[in-house]
Amino acid sequence: MSLRFFSSLILLSLIMLFVVQGNRWCPWCGARPKGFVKTQGTRFVQNGKSLYLNGFNAFWIMYMASDPSTRDKVTTTFQQASKTGMNVARTWAFSDGGYRPLQSSPGVYNEDMFRGLDFVISEARKNGLYVILSLVNNFEDLGGRKQYVQWARDRGQKLNTDDEFYTNAVVKQYYKNHVKTVLTRINSITRKSYKDDPIIFAWELINEPRCQTDPSGRFIQEWVREMAAFVKSIDNNHLLEIGLEGFYGETMKQYNPGNLVVGTDFVSNNQIAEVDFATIHLYPDQWLPNSNDEAEAVFVDKWIEAHTKDSKSVLRKPLILSEFGKSSRLAGYRQEKRDIYFGKIYEDIYDSSSTGGPFVGGIFWQLMAQGMDTFRDGYEVVLEETPSTARVIAQQSHKLLSLK
């Protein structure tokens, strides 16, 4: 038995011990971040030290935090994430119109929901996790740009498509007003302004922007340029990212699944000076219909390789895989498949991080506590129910933490 293999067995045994039996050994748990994270070339740095990300998405977390009777789900989720060494959570700082919204109409806010977001940030701080806050949705879930366009129509604007979210002056002002409201919010628990709170890792302009009516990409390019500058005019402390899935523009569409063009361009969008790091998402099961496991695996490798190469040689900025997962609703799904898939993604991140590459973090979709069946979408990870996945996540946390 080699020394390397023996050391790996010891590491796995320790990880299994604290994940299954509780927080008896956990050198990273509750280590509260101090100071704003910055970028240095293709690395994240915090207080002069490199920082690598291992975390989770939780779109539901503000909603559950806004109700005192369900806040325990939020606390449990952050505690469990901390025990597995995760250091970042990505979630929504939006909920536009509809049931229990954050913003019921332009500039009108639900204080209970805002206090829920305050609680999320406070619990993240207690458990040593950063948060990435997205400011609007491309899709109509929780309102999104469709709701912004409808608000403008209700006030006399003649808009033909939801894509005019990116170009109409009234709609853009609604969005800017929301951005300013969130960034200047005083947390009712910590008493810190959001823009002054280093527990917030970054702002995200929009979750998965698309503009099907403008395949040239000009509308989104100009919108990102304008909104990125606006965010930085209010808050120059925090990092900023766009929220891209990673689709290339028309000249490089051969890298996109099915040559799909959605109005974004991974390279030109991320070259905007105020954008601090790049993101990609990864859903081969959705993007490659009727494909098999082998074809999806080939696509995953090429997707990561292409974006890592461009982030290093063209953008010279860090790259985060900010959404990925494997759905339990797929035909032939087994827990082992998800664990292997996560492990492969994590290996790519570690290999890049350990050799000075730009691919320095992964954030899976999505983490939940037990007793949240109505929020399940097939991609959910409930750590108590899947200890094997918890071990895979914890091992990645430990490996990244060991890097200098």
# chains A, B, ... in the order shown; residues from 1 in each chain; ligands from 1
call {"tool": "residues_around", "arguments": {"residues": "Gly143 of chain A", "least_positions_apart": "5", "cutoff": "12 Å", "atoms": "only C-alpha atoms", "output": "PyMOL selection string"}}
result
chain A and resi 92+94-106+135-138+148-151+162
call {"tool": "select_by_dssp", "arguments": {"residues": "segment 115-358 of chain A", "states": "helix (DSSP H, G or I)", "output": "tab-separated table (two decimals) with N, CA, C and O atoms, in the first residue's frame"}}
result
chain	number	residue	atom	x	y	z
A	115	ARG	N	-36.40	41.34	5.59
A	115	ARG	CA	-35.83	40.84	6.85
A	115	ARG	C	-35.42	39.38	6.72
A	115	ARG	O	-34.49	38.93	7.38
A	116	GLY	N	-36.12	38.66	5.85
A	116	GLY	CA	-35.69	37.29	5.56
A	116	GLY	C	-34.32	37.27	4.91
A	116	GLY	O	-33.45	36.45	5.27
A	117	LEU	N	-34.07	38.18	3.96
A	117	LEU	CA	-32.75	38.25	3.34
A	117	LEU	C	-31.70	38.72	4.35
A	117	LEU	O	-30.56	38.23	4.34
A	118	ASP	N	-32.08	39.62	5.24
A	118	ASP	CA	-31.18	40.01	6.33
A	118	ASP	C	-30.75	38.79	7.14
A	118	ASP	O	-29.58	38.63	7.49
A	119	PHE	N	-31.73	37.93	7.44
A	119	PHE	CA	-31.47	36.73	8.24
A	119	PHE	C	-30.53	35.78	7.49
A	119	PHE	O	-29.61	35.19	8.09
A	120	VAL	N	-30.74	35.63	6.19
A	120	VAL	CA	-29.86	34.79	5.38
A	120	VAL	C	-28.42	35.25	5.49
A	120	VAL	O	-27.50	34.45	5.72
A	121	ILE	N	-28.20	36.54	5.32
A	121	ILE	CA	-26.84	37.08	5.39
A	121	ILE	C	-26.25	36.91	6.78
A	121	ILE	O	-25.07	36.56	6.95
A	122	SER	N	-27.08	37.12	7.79
A	122	SER	CA	-26.62	36.95	9.17
A	122	SER	C	-26.23	35.51	9.47
A	122	SER	O	-25.20	35.24	10.10
A	123	GLU	N	-27.05	34.55	9.02
A	123	GLU	CA	-26.74	33.13	9.25
A	123	GLU	C	-25.51	32.69	8.46
A	123	GLU	O	-24.73	31.86	8.95
A	124	ALA	N	-25.35	33.23	7.27
A	124	ALA	CA	-24.14	32.92	6.51
A	124	ALA	C	-22.91	33.36	7.29
A	124	ALA	O	-21.91	32.63	7.38
A	125	ARG	N	-22.97	34.57	7.85
A	125	ARG	CA	-21.85	35.08	8.64
A	125	ARG	C	-21.55	34.17	9.83
A	125	ARG	O	-20.39	33.84	10.11
A	126	LYS	N	-22.60	33.75	10.54
A	126	LYS	CA	-22.41	32.91	11.72
A	126	LYS	C	-21.70	31.60	11.38
A	126	LYS	O	-20.97	31.05	12.20
A	144	GLY	N	-39.06	38.07	-12.46
A	144	GLY	CA	-38.05	38.21	-13.49
A	144	GLY	C	-38.28	39.40	-14.42
A	144	GLY	O	-39.07	40.30	-14.15
A	145	ARG	N	-37.56	39.37	-15.54
A	145	ARG	CA	-37.65	40.51	-16.45
A	145	ARG	C	-39.05	40.63	-17.05
A	145	ARG	O	-39.47	41.73	-17.43
A	146	LYS	N	-39.78	39.54	-17.17
A	146	LYS	CA	-41.17	39.59	-17.66
A	146	LYS	C	-42.01	40.50	-16.79
A	146	LYS	O	-42.82	41.29	-17.29
A	147	GLN	N	-41.82	40.41	-15.46
A	147	GLN	CA	-42.58	41.26	-14.54
A	147	GLN	C	-42.19	42.72	-14.68
A	147	GLN	O	-43.05	43.61	-14.66
A	148	TYR	N	-40.90	43.00	-14.85
A	148	TYR	CA	-40.45	44.39	-15.05
A	148	TYR	C	-41.10	44.99	-16.30
A	148	TYR	O	-41.54	46.15	-16.30
A	149	VAL	N	-41.14	44.20	-17.37
A	149	VAL	CA	-41.74	44.69	-18.61
A	149	VAL	C	-43.23	44.93	-18.42
A	149	VAL	O	-43.78	45.93	-18.89
A	150	GLN	N	-43.89	44.05	-17.70
A	150	GLN	CA	-45.33	44.22	-17.46
A	150	GLN	C	-45.59	45.45	-16.60
A	150	GLN	O	-46.56	46.19	-16.85
A	151	TRP	N	-44.76	45.70	-15.62
A	151	TRP	CA	-44.92	46.92	-14.81
A	151	TRP	C	-44.84	48.16	-15.70
A	151	TRP	O	-45.61	49.10	-15.52
A	152	ALA	N	-43.92	48.14	-16.65
A	152	ALA	CA	-43.79	49.30	-17.54
A	152	ALA	C	-45.01	49.41	-18.46
A	152	ALA	O	-45.50	50.52	-18.71
A	153	ARG	N	-45.52	48.29	-18.94
A	153	ARG	CA	-46.73	48.32	-19.76
A	153	ARG	C	-47.91	48.87	-18.97
A	153	ARG	O	-48.72	49.66	-19.51
A	154	ASP	N	-48.00	48.48	-17.71
A	154	ASP	CA	-49.10	48.96	-16.86
A	154	ASP	C	-49.07	50.47	-16.70
A	154	ASP	O	-50.08	51.08	-16.35
A	162	ASP	N	-40.59	40.78	-24.10
A	162	ASP	CA	-39.88	40.85	-22.82
A	162	ASP	C	-38.41	41.20	-23.00
A	162	ASP	O	-37.75	41.66	-22.06
A	163	ASP	N	-37.90	41.01	-24.22
A	163	ASP	CA	-36.50	41.36	-24.48
A	163	ASP	C	-36.24	42.86	-24.38
A	163	ASP	O	-35.08	43.29	-24.27
A	164	GLU	N	-37.30	43.67	-24.40
A	164	GLU	CA	-37.12	45.11	-24.25
A	164	GLU	C	-36.76	45.49	-22.81
A	164	GLU	O	-36.49	46.66	-22.53
A	165	PHE	N	-36.71	44.50	-21.94
A	165	PHE	CA	-36.13	44.68	-20.60
A	165	PHE	C	-34.74	45.29	-20.71
A	165	PHE	O	-34.33	46.11	-19.87
A	166	TYR	N	-34.00	44.88	-21.74
A	166	TYR	CA	-32.61	45.29	-21.89
A	166	TYR	C	-32.45	46.67	-22.54
A	166	TYR	O	-31.35	47.23	-22.50
A	169	ALA	N	-35.89	52.48	-21.49
A	169	ALA	CA	-35.34	53.35	-20.45
A	169	ALA	C	-36.11	53.25	-19.14
A	169	ALA	O	-35.51	53.28	-18.05
A	170	VAL	N	-37.43	53.12	-19.21
A	170	VAL	CA	-38.24	53.02	-17.98
A	170	VAL	C	-37.93	51.72	-17.24
A	170	VAL	O	-37.73	51.71	-16.02
A	171	VAL	N	-37.90	50.62	-17.98
A	171	VAL	CA	-37.60	49.33	-17.37
A	171	VAL	C	-36.21	49.33	-16.76
A	171	VAL	O	-36.00	48.84	-15.64
A	172	LYS	N	-35.25	49.88	-17.48
A	172	LYS	CA	-33.88	49.92	-16.96
A	172	LYS	C	-33.80	50.74	-15.67
A	172	LYS	O	-33.04	50.40	-14.75
A	173	GLN	N	-34.60	51.79	-15.58
A	173	GLN	CA	-34.59	52.60	-14.36
A	173	GLN	C	-35.21	51.83	-13.21
A	173	GLN	O	-34.74	51.93	-12.07
A	174	TYR	N	-36.27	51.04	-13.48
A	174	TYR	CA	-36.84	50.18	-12.44
A	174	TYR	C	-35.76	49.26	-11.87
A	174	TYR	O	-35.64	49.08	-10.66
A	175	TYR	N	-34.99	48.66	-12.78
A	175	TYR	CA	-33.94	47.75	-12.36
A	175	TYR	C	-32.87	48.48	-11.54
A	175	TYR	O	-32.44	48.00	-10.49
A	176	LYS	N	-32.45	49.64	-12.01
A	176	LYS	CA	-31.44	50.40	-11.27
A	176	LYS	C	-31.95	50.78	-9.88
A	176	LYS	O	-31.19	50.74	-8.90
A	177	ASN	N	-33.22	51.13	-9.80
A	177	ASN	CA	-33.78	51.47	-8.49
A	177	ASN	C	-33.73	50.28	-7.55
A	177	ASN	O	-33.44	50.43	-6.35
A	178	HIS	N	-34.02	49.10	-8.09
A	178	HIS	CA	-33.95	47.89	-7.26
A	178	HIS	C	-32.52	47.62	-6.82
A	178	HIS	O	-32.26	47.30	-5.64
A	179	VAL	N	-31.59	47.74	-7.74
A	179	VAL	CA	-30.17	47.55	-7.40
A	179	VAL	C	-29.76	48.47	-6.26
A	179	VAL	O	-29.15	48.03	-5.27
A	180	LYS	N	-30.10	49.73	-6.38
A	180	LYS	CA	-29.72	50.70	-5.34
A	180	LYS	C	-30.38	50.36	-4.01
A	180	LYS	O	-29.74	50.46	-2.95
A	181	THR	N	-31.64	49.93	-4.05
A	181	THR	CA	-32.34	49.58	-2.81
A	181	THR	C	-31.66	48.42	-2.11
A	181	THR	O	-31.48	48.43	-0.89
A	182	VAL	N	-31.28	47.41	-2.87
A	182	VAL	CA	-30.63	46.23	-2.27
A	182	VAL	C	-29.24	46.59	-1.76
A	182	VAL	O	-28.88	46.27	-0.61
A	183	LEU	N	-28.46	47.25	-2.56
A	183	LEU	CA	-27.07	47.53	-2.18
A	183	LEU	C	-26.98	48.45	-0.97
A	183	LEU	O	-26.03	48.34	-0.18
A	194	TYR	N	-25.60	46.48	3.19
A	194	TYR	CA	-25.18	45.37	2.33
A	194	TYR	C	-23.90	45.72	1.58
A	194	TYR	O	-23.00	44.88	1.45
A	195	LYS	N	-23.81	46.93	1.08
A	195	LYS	CA	-22.64	47.29	0.28
A	195	LYS	C	-21.36	47.38	1.12
A	195	LYS	O	-20.25	47.39	0.57
A	196	ASP	N	-21.51	47.40	2.44
A	196	ASP	CA	-20.35	47.47	3.33
A	196	ASP	C	-20.07	46.15	4.04
A	196	ASP	O	-19.22	46.09	4.93
A	218	ARG	N	-25.83	42.41	-29.13
A	218	ARG	CA	-25.60	43.83	-28.86
A	218	ARG	C	-26.42	44.33	-27.68
A	218	ARG	O	-25.92	45.12	-26.86
A	219	PHE	N	-27.68	43.90	-27.58
A	219	PHE	CA	-28.55	44.40	-26.51
A	219	PHE	C	-28.01	44.04	-25.12
A	219	PHE	O	-27.91	44.89	-24.24
A	220	ILE	N	-27.65	42.77	-24.95
A	220	ILE	CA	-27.15	42.34	-23.64
A	220	ILE	C	-25.77	42.94	-23.37
A	220	ILE	O	-25.47	43.34	-22.23
A	221	GLN	N	-24.94	43.05	-24.39
A	221	GLN	CA	-23.61	43.65	-24.19
A	221	GLN	C	-23.73	45.07	-23.66
A	221	GLN	O	-23.05	45.45	-22.69
A	222	GLU	N	-24.59	45.86	-24.26
A	222	GLU	CA	-24.75	47.25	-23.81
A	222	GLU	C	-25.43	47.33	-22.45
A	222	GLU	O	-25.11	48.20	-21.64
A	223	TRP	N	-26.37	46.43	-22.21
A	223	TRP	CA	-27.06	46.41	-20.91
A	223	TRP	C	-26.06	46.07	-19.80
A	223	TRP	O	-26.06	46.71	-18.75
A	224	VAL	N	-25.24	45.06	-20.02
A	224	VAL	CA	-24.24	44.68	-19.02
A	224	VAL	C	-23.27	45.83	-18.77
A	224	VAL	O	-22.92	46.15	-17.63
A	225	ARG	N	-22.84	46.47	-19.85
A	225	ARG	CA	-21.90	47.59	-19.71
A	225	ARG	C	-22.52	48.70	-18.83
A	225	ARG	O	-21.88	49.22	-17.92
A	226	GLU	N	-23.76	49.03	-19.09
A	226	GLU	CA	-24.44	50.10	-18.35
A	226	GLU	C	-24.68	49.70	-16.90
A	226	GLU	O	-24.42	50.48	-15.97
A	227	MET	N	-25.18	48.49	-16.68
A	227	MET	CA	-25.55	48.09	-15.33
A	227	MET	C	-24.34	47.75	-14.46
A	227	MET	O	-24.34	48.00	-13.25
A	228	ALA	N	-23.31	47.22	-15.06
A	228	ALA	CA	-22.08	46.95	-14.31
A	228	ALA	C	-21.48	48.25	-13.79
A	228	ALA	O	-21.05	48.35	-12.64
A	229	ALA	N	-21.45	49.26	-14.65
A	229	ALA	CA	-20.94	50.56	-14.23
A	229	ALA	C	-21.81	51.16	-13.14
A	229	ALA	O	-21.31	51.78	-12.19
A	230	PHE	N	-23.13	50.95	-13.24
A	230	PHE	CA	-24.03	51.49	-12.23
A	230	PHE	C	-23.79	50.83	-10.87
A	230	PHE	O	-23.72	51.51	-9.84
A	231	VAL	N	-23.68	49.50	-10.86
A	231	VAL	CA	-23.41	48.80	-9.60
A	231	VAL	C	-22.12	49.31	-8.97
A	231	VAL	O	-22.06	49.61	-7.77
A	232	LYS	N	-21.08	49.43	-9.76
A	232	LYS	CA	-19.78	49.87	-9.24
A	232	LYS	C	-19.81	51.32	-8.78
A	232	LYS	O	-19.02	51.70	-7.90
A	233	SER	N	-20.71	52.13	-9.33
A	233	SER	CA	-20.81	53.52	-8.88
A	233	SER	C	-21.37	53.61	-7.47
A	233	SER	O	-21.14	54.59	-6.76
A	234	ILE	N	-22.10	52.58	-7.05
A	234	ILE	CA	-22.66	52.54	-5.70
A	234	ILE	C	-21.76	51.76	-4.76
A	234	ILE	O	-21.57	52.13	-3.60
A	250	GLU	N	-22.30	34.39	-31.94
A	250	GLU	CA	-22.46	33.76	-33.26
A	250	GLU	C	-21.15	33.26	-33.85
A	250	GLU	O	-21.12	32.24	-34.53
A	251	THR	N	-20.06	33.97	-33.60
A	251	THR	CA	-18.79	33.58	-34.23
A	251	THR	C	-18.16	32.35	-33.60
A	251	THR	O	-17.24	31.77	-34.18
A	252	MET	N	-18.64	31.96	-32.42
A	252	MET	CA	-18.09	30.78	-31.74
A	252	MET	C	-19.20	29.83	-31.30
A	252	MET	O	-19.05	29.08	-30.34
A	253	LYS	N	-20.32	29.85	-32.01
A	253	LYS	CA	-21.47	29.06	-31.59
A	253	LYS	C	-21.23	27.56	-31.68
A	253	LYS	O	-21.98	26.77	-31.10
A	254	GLN	N	-20.17	27.14	-32.36
A	254	GLN	CA	-19.87	25.72	-32.46
A	254	GLN	C	-19.56	25.11	-31.09
A	254	GLN	O	-19.65	23.89	-30.92
A	255	TYR	N	-19.21	25.96	-30.11
A	255	TYR	CA	-18.95	25.45	-28.76
A	255	TYR	C	-20.24	25.29	-27.95
A	255	TYR	O	-20.24	24.65	-26.90
A	257	PRO	N	-24.12	24.06	-27.04
A	257	PRO	CA	-24.91	22.86	-27.30
A	257	PRO	C	-25.88	23.09	-28.46
A	257	PRO	O	-26.65	24.05	-28.45
A	258	GLY	N	-25.81	22.22	-29.47
A	258	GLY	CA	-26.69	22.37	-30.63
A	258	GLY	C	-26.49	23.66	-31.40
A	258	GLY	O	-27.41	24.11	-32.09
A	259	ASN	N	-25.31	24.27	-31.27
A	259	ASN	CA	-25.02	25.58	-31.92
A	259	ASN	C	-26.02	26.66	-31.51
A	259	ASN	O	-26.27	27.61	-32.26
A	266	PHE	N	-19.92	34.82	-24.11
A	266	PHE	CA	-19.10	34.60	-22.93
A	266	PHE	C	-17.86	35.48	-22.91
A	266	PHE	O	-17.50	36.03	-21.87
A	267	VAL	N	-17.22	35.64	-24.06
A	267	VAL	CA	-15.97	36.39	-24.10
A	267	VAL	C	-16.23	37.90	-24.01
A	267	VAL	O	-15.74	38.57	-23.09
A	268	SER	N	-16.99	38.45	-24.93
A	268	SER	CA	-17.16	39.92	-24.96
A	268	SER	C	-17.91	40.43	-23.74
A	268	SER	O	-17.57	41.50	-23.21
A	269	ASN	N	-18.90	39.70	-23.27
A	269	ASN	CA	-19.61	40.13	-22.06
A	269	ASN	C	-18.67	40.24	-20.88
A	269	ASN	O	-18.70	41.21	-20.11
A	270	ASN	N	-17.82	39.24	-20.70
A	270	ASN	CA	-16.93	39.21	-19.54
A	270	ASN	C	-15.70	40.11	-19.70
A	270	ASN	O	-14.98	40.33	-18.73
A	284	PRO	N	-26.05	19.43	-19.10
A	284	PRO	CA	-26.07	18.63	-20.33
A	284	PRO	C	-27.35	17.80	-20.48
A	284	PRO	O	-27.79	17.54	-21.61
A	285	ASP	N	-27.97	17.42	-19.37
A	285	ASP	CA	-29.20	16.64	-19.46
A	285	ASP	C	-30.35	17.46	-20.06
A	285	ASP	O	-31.25	16.90	-20.70
A	286	GLN	N	-30.31	18.79	-19.87
A	286	GLN	CA	-31.32	19.67	-20.44
A	286	GLN	C	-30.92	20.18	-21.82
A	286	GLN	O	-31.77	20.35	-22.71
A	287	TRP	N	-29.66	20.44	-22.00
A	287	TRP	CA	-29.17	21.08	-23.23
A	287	TRP	C	-28.99	20.10	-24.38
A	287	TRP	O	-28.94	20.51	-25.54
A	293	ASP	N	-25.19	9.04	-21.77
A	293	ASP	CA	-24.21	9.45	-20.75
A	293	ASP	C	-22.86	9.78	-21.37
A	293	ASP	O	-22.18	10.73	-20.94
A	294	GLU	N	-22.46	9.00	-22.38
A	294	GLU	CA	-21.16	9.21	-22.99
A	294	GLU	C	-21.10	10.55	-23.72
A	294	GLU	O	-20.12	11.30	-23.59
A	295	ALA	N	-22.14	10.87	-24.46
A	295	ALA	CA	-22.17	12.15	-25.19
A	295	ALA	C	-22.18	13.32	-24.22
A	295	ALA	O	-21.52	14.35	-24.47
A	296	GLU	N	-22.91	13.19	-23.13
A	296	GLU	CA	-22.95	14.26	-22.14
A	296	GLU	C	-21.59	14.45	-21.49
A	296	GLU	O	-21.16	15.58	-21.23
A	297	ALA	N	-20.90	13.34	-21.20
A	297	ALA	CA	-19.58	13.43	-20.57
A	297	ALA	C	-18.59	14.14	-21.49
A	297	ALA	O	-17.77	14.96	-21.03
A	298	VAL	N	-18.65	13.84	-22.79
A	298	VAL	CA	-17.77	14.51	-23.76
A	298	VAL	C	-18.07	16.01	-23.79
A	298	VAL	O	-17.15	16.84	-23.80
A	299	PHE	N	-19.37	16.36	-23.79
A	299	PHE	CA	-19.74	17.77	-23.80
A	299	PHE	C	-19.23	18.49	-22.55
A	299	PHE	O	-18.70	19.61	-22.64
A	300	VAL	N	-19.40	17.88	-21.39
A	300	VAL	CA	-18.95	18.48	-20.14
A	300	VAL	C	-17.47	18.80	-20.21
A	300	VAL	O	-17.03	19.91	-19.85
A	301	ASP	N	-16.67	17.86	-20.67
A	301	ASP	CA	-15.23	18.08	-20.76
A	301	ASP	C	-14.90	19.25	-21.69
A	301	ASP	O	-14.07	20.10	-21.37
A	302	LYS	N	-15.55	19.28	-22.85
A	302	LYS	CA	-15.27	20.34	-23.81
A	302	LYS	C	-15.75	21.70	-23.32
A	302	LYS	O	-15.08	22.72	-23.55
A	303	TRP	N	-16.91	21.73	-22.65
A	303	TRP	CA	-17.46	22.99	-22.13
A	303	TRP	C	-16.52	23.60	-21.10
A	303	TRP	O	-16.19	24.80	-21.16
A	304	ILE	N	-16.07	22.78	-20.17
A	304	ILE	CA	-15.16	23.26	-19.13
A	304	ILE	C	-13.82	23.66	-19.73
A	304	ILE	O	-13.25	24.70	-19.40
A	305	GLU	N	-13.31	22.84	-20.65
A	305	GLU	CA	-12.01	23.12	-21.25
A	305	GLU	C	-12.02	24.43	-22.03
A	305	GLU	O	-11.09	25.25	-21.90
A	306	ALA	N	-13.06	24.66	-22.83
A	306	ALA	CA	-13.11	25.87	-23.65
A	306	ALA	C	-13.17	27.12	-22.79
A	306	ALA	O	-12.47	28.11	-23.05
A	307	HIS	N	-14.00	27.10	-21.75
A	307	HIS	CA	-14.17	28.29	-20.91
A	307	HIS	C	-12.96	28.52	-20.00
A	307	HIS	O	-12.61	29.66	-19.71
A	308	THR	N	-12.34	27.43	-19.57
A	308	THR	CA	-11.12	27.58	-18.78
A	308	THR	C	-10.01	28.21	-19.62
A	308	THR	O	-9.30	29.11	-19.17
A	309	LYS	N	-9.89	27.74	-20.86
A	309	LYS	CA	-8.87	28.29	-21.75
A	309	LYS	C	-9.11	29.77	-22.02
A	309	LYS	O	-8.17	30.58	-21.95
A	310	ASP	N	-10.35	30.14	-22.31
A	310	ASP	CA	-10.64	31.54	-22.60
A	310	ASP	C	-10.48	32.43	-21.36
A	310	ASP	O	-10.06	33.58	-21.47
A	311	SER	N	-10.83	31.90	-20.20
A	311	SER	CA	-10.67	32.68	-18.97
A	311	SER	C	-9.20	32.95	-18.68
A	311	SER	O	-8.85	34.02	-18.17
A	312	LYS	N	-8.36	31.98	-19.03
A	312	LYS	CA	-6.92	32.14	-18.78
A	312	LYS	C	-6.25	33.05	-19.80
A	312	LYS	O	-5.53	34.00	-19.43
A	313	SER	N	-6.49	32.79	-21.08
A	313	SER	CA	-5.70	33.46	-22.11
A	313	SER	C	-6.33	34.73	-22.66
A	313	SER	O	-5.62	35.63	-23.12
A	314	VAL	N	-7.67	34.83	-22.60
A	314	VAL	CA	-8.35	35.99	-23.17
A	314	VAL	C	-8.84	36.94	-22.07
A	314	VAL	O	-8.52	38.12	-22.06
A	315	LEU	N	-9.64	36.41	-21.15
A	315	LEU	CA	-10.22	37.26	-20.11
A	315	LEU	C	-9.22	37.60	-19.01
A	315	LEU	O	-9.26	38.68	-18.44
A	335	GLN	N	-27.77	7.19	-7.29
A	335	GLN	CA	-27.01	8.10	-6.45
A	335	GLN	C	-25.53	8.06	-6.79
A	335	GLN	O	-24.84	9.08	-6.80
A	336	GLU	N	-25.06	6.88	-7.12
A	336	GLU	CA	-23.65	6.73	-7.47
A	336	GLU	C	-23.28	7.59	-8.67
A	336	GLU	O	-22.18	8.15	-8.74
A	337	LYS	N	-24.22	7.71	-9.65
A	337	LYS	CA	-23.95	8.53	-10.83
A	337	LYS	C	-23.74	10.00	-10.44
A	337	LYS	O	-22.86	10.67	-10.98
A	338	ARG	N	-24.59	10.48	-9.54
A	338	ARG	CA	-24.43	11.87	-9.11
A	338	ARG	C	-23.09	12.06	-8.40
A	338	ARG	O	-22.39	13.05	-8.64
A	339	ASP	N	-22.74	11.14	-7.52
A	339	ASP	CA	-21.48	11.26	-6.79
A	339	ASP	C	-20.29	11.27	-7.73
A	339	ASP	O	-19.34	12.05	-7.56
A	340	ILE	N	-20.32	10.40	-8.73
A	340	ILE	CA	-19.23	10.35	-9.70
A	340	ILE	C	-19.16	11.65	-10.51
A	340	ILE	O	-18.08	12.19	-10.76
A	341	TYR	N	-20.33	12.16	-10.89
A	341	TYR	CA	-20.39	13.41	-11.66
A	341	TYR	C	-19.84	14.57	-10.85
A	341	TYR	O	-19.00	15.34	-11.33
A	342	PHE	N	-20.29	14.71	-9.61
A	342	PHE	CA	-19.75	15.75	-8.74
A	342	PHE	C	-18.24	15.59	-8.59
A	342	PHE	O	-17.49	16.57	-8.64
A	343	GLY	N	-17.82	14.36	-8.38
A	343	GLY	CA	-16.40	14.10	-8.19
A	343	GLY	C	-15.57	14.51	-9.39
A	343	GLY	O	-14.46	15.05	-9.25
A	344	LYS	N	-16.10	14.26	-10.60
A	344	LYS	CA	-15.38	14.66	-11.82
A	344	LYS	C	-15.28	16.17	-11.93
A	344	LYS	O	-14.22	16.72	-12.26
A	345	ILE	N	-16.37	16.87	-11.67
A	345	ILE	CA	-16.35	18.34	-11.70
A	345	ILE	C	-15.36	18.86	-10.68
A	345	ILE	O	-14.53	19.75	-10.98
A	346	TYR	N	-15.42	18.34	-9.48
A	346	TYR	CA	-14.53	18.79	-8.42
A	346	TYR	C	-13.06	18.52	-8.76
A	346	TYR	O	-12.18	19.33	-8.44
A	347	GLU	N	-12.81	17.40	-9.42
A	347	GLU	CA	-11.43	17.09	-9.82
A	347	GLU	C	-10.91	18.13	-10.81
A	347	GLU	O	-9.76	18.59	-10.71
A	348	ASP	N	-11.75	18.53	-11.77
A	348	ASP	CA	-11.34	19.55	-12.73
A	348	ASP	C	-11.04	20.87	-12.04
A	348	ASP	O	-10.07	21.56	-12.39
A	349	ILE	N	-11.87	21.23	-11.06
A	349	ILE	CA	-11.64	22.48	-10.32
A	349	ILE	C	-10.34	22.41	-9.53
A	349	ILE	O	-9.53	23.34	-9.55
A	350	TYR	N	-10.13	21.30	-8.85
A	350	TYR	CA	-8.92	21.15	-8.05
A	350	TYR	C	-7.67	21.15	-8.93
A	350	TYR	O	-6.66	21.81	-8.60
A	351	ASP	N	-7.73	20.43	-10.06
A	351	ASP	CA	-6.56	20.38	-10.94
A	351	ASP	C	-6.20	21.77	-11.44
A	351	ASP	O	-5.02	22.13	-11.52
A	352	SER	N	-7.21	22.57	-11.79
A	352	SER	CA	-6.94	23.94	-12.24
A	352	SER	C	-6.42	24.80	-11.09
A	352	SER	O	-5.41	25.52	-11.24
A	353	SER	N	-7.09	24.72	-9.95
A	353	SER	CA	-6.71	25.55	-8.81
A	353	SER	C	-5.30	25.25	-8.33
A	353	SER	O	-4.55	26.17	-7.98
A	354	SER	N	-4.95	23.98	-8.31
A	354	SER	CA	-3.65	23.58	-7.77
A	354	SER	C	-2.49	23.89	-8.71
A	354	SER	O	-1.33	23.81	-8.31
call {"tool": "atom_distance", "arguments": {"atom1": "atom CA of Ser188 of chain A", "atom2": "atom CA of Gly85 of chain A"}}
result
27.5 Å
call {"tool": "atom_distance", "arguments": {"atom1": "atom CA of Phe56 of chain A", "atom2": "atom CA of Leu401 of chain A"}}
result
16.5 Å
call {"tool": "residues_around", "arguments": {"residues": "segment 72-77 of chain A", "least_positions_apart": "4", "cutoff": "8 Å", "atoms": "only C-alpha atoms", "output": "list in words"}}
result
Ile61, Met64, Ala65, Pro68, Ala81, Val120, Glu123, Leu367, Met368, Ala369 and Gln370 of chain A
call {"tool": "atom_distance", "arguments": {"atom1": "atom CA of Gly332 of chain A", "atom2": "atom CA of Tyr379 of chain A"}}
result
14.5 Å
call {"tool": "residues_around", "arguments": {"residues": "segment 34-38 of chain A", "least_positions_apart": "3", "cutoff": "7 Å", "atoms": "only C-alpha atoms", "output": "PyMOL selection string"}}
result
chain A and resi 44-47+198+201+237-239
call {"tool": "write_last_selection", "arguments": {"atoms": "C-alpha atoms", "output": "CSV table (one decimal), in the first residue's frame"}}
result
chain,number,residue,atom,x,y,z
A,44,PHE,CA,-9.5,35.2,-5.8
A,45,VAL,CA,-7.6,36.7,-2.9
A,46,GLN,CA,-8.7,37.5,0.6
A,47,ASN,CA,-6.3,39.3,3.0
A,198,PRO,CA,-17.7,41.6,3.3
A,201,PHE,CA,-18.9,37.7,-2.0
A,237,ASN,CA,-15.9,47.1,-2.7
A,238,HIS,CA,-17.7,43.9,-3.8
A,239,LEU,CA,-16.9,41.8,-6.8
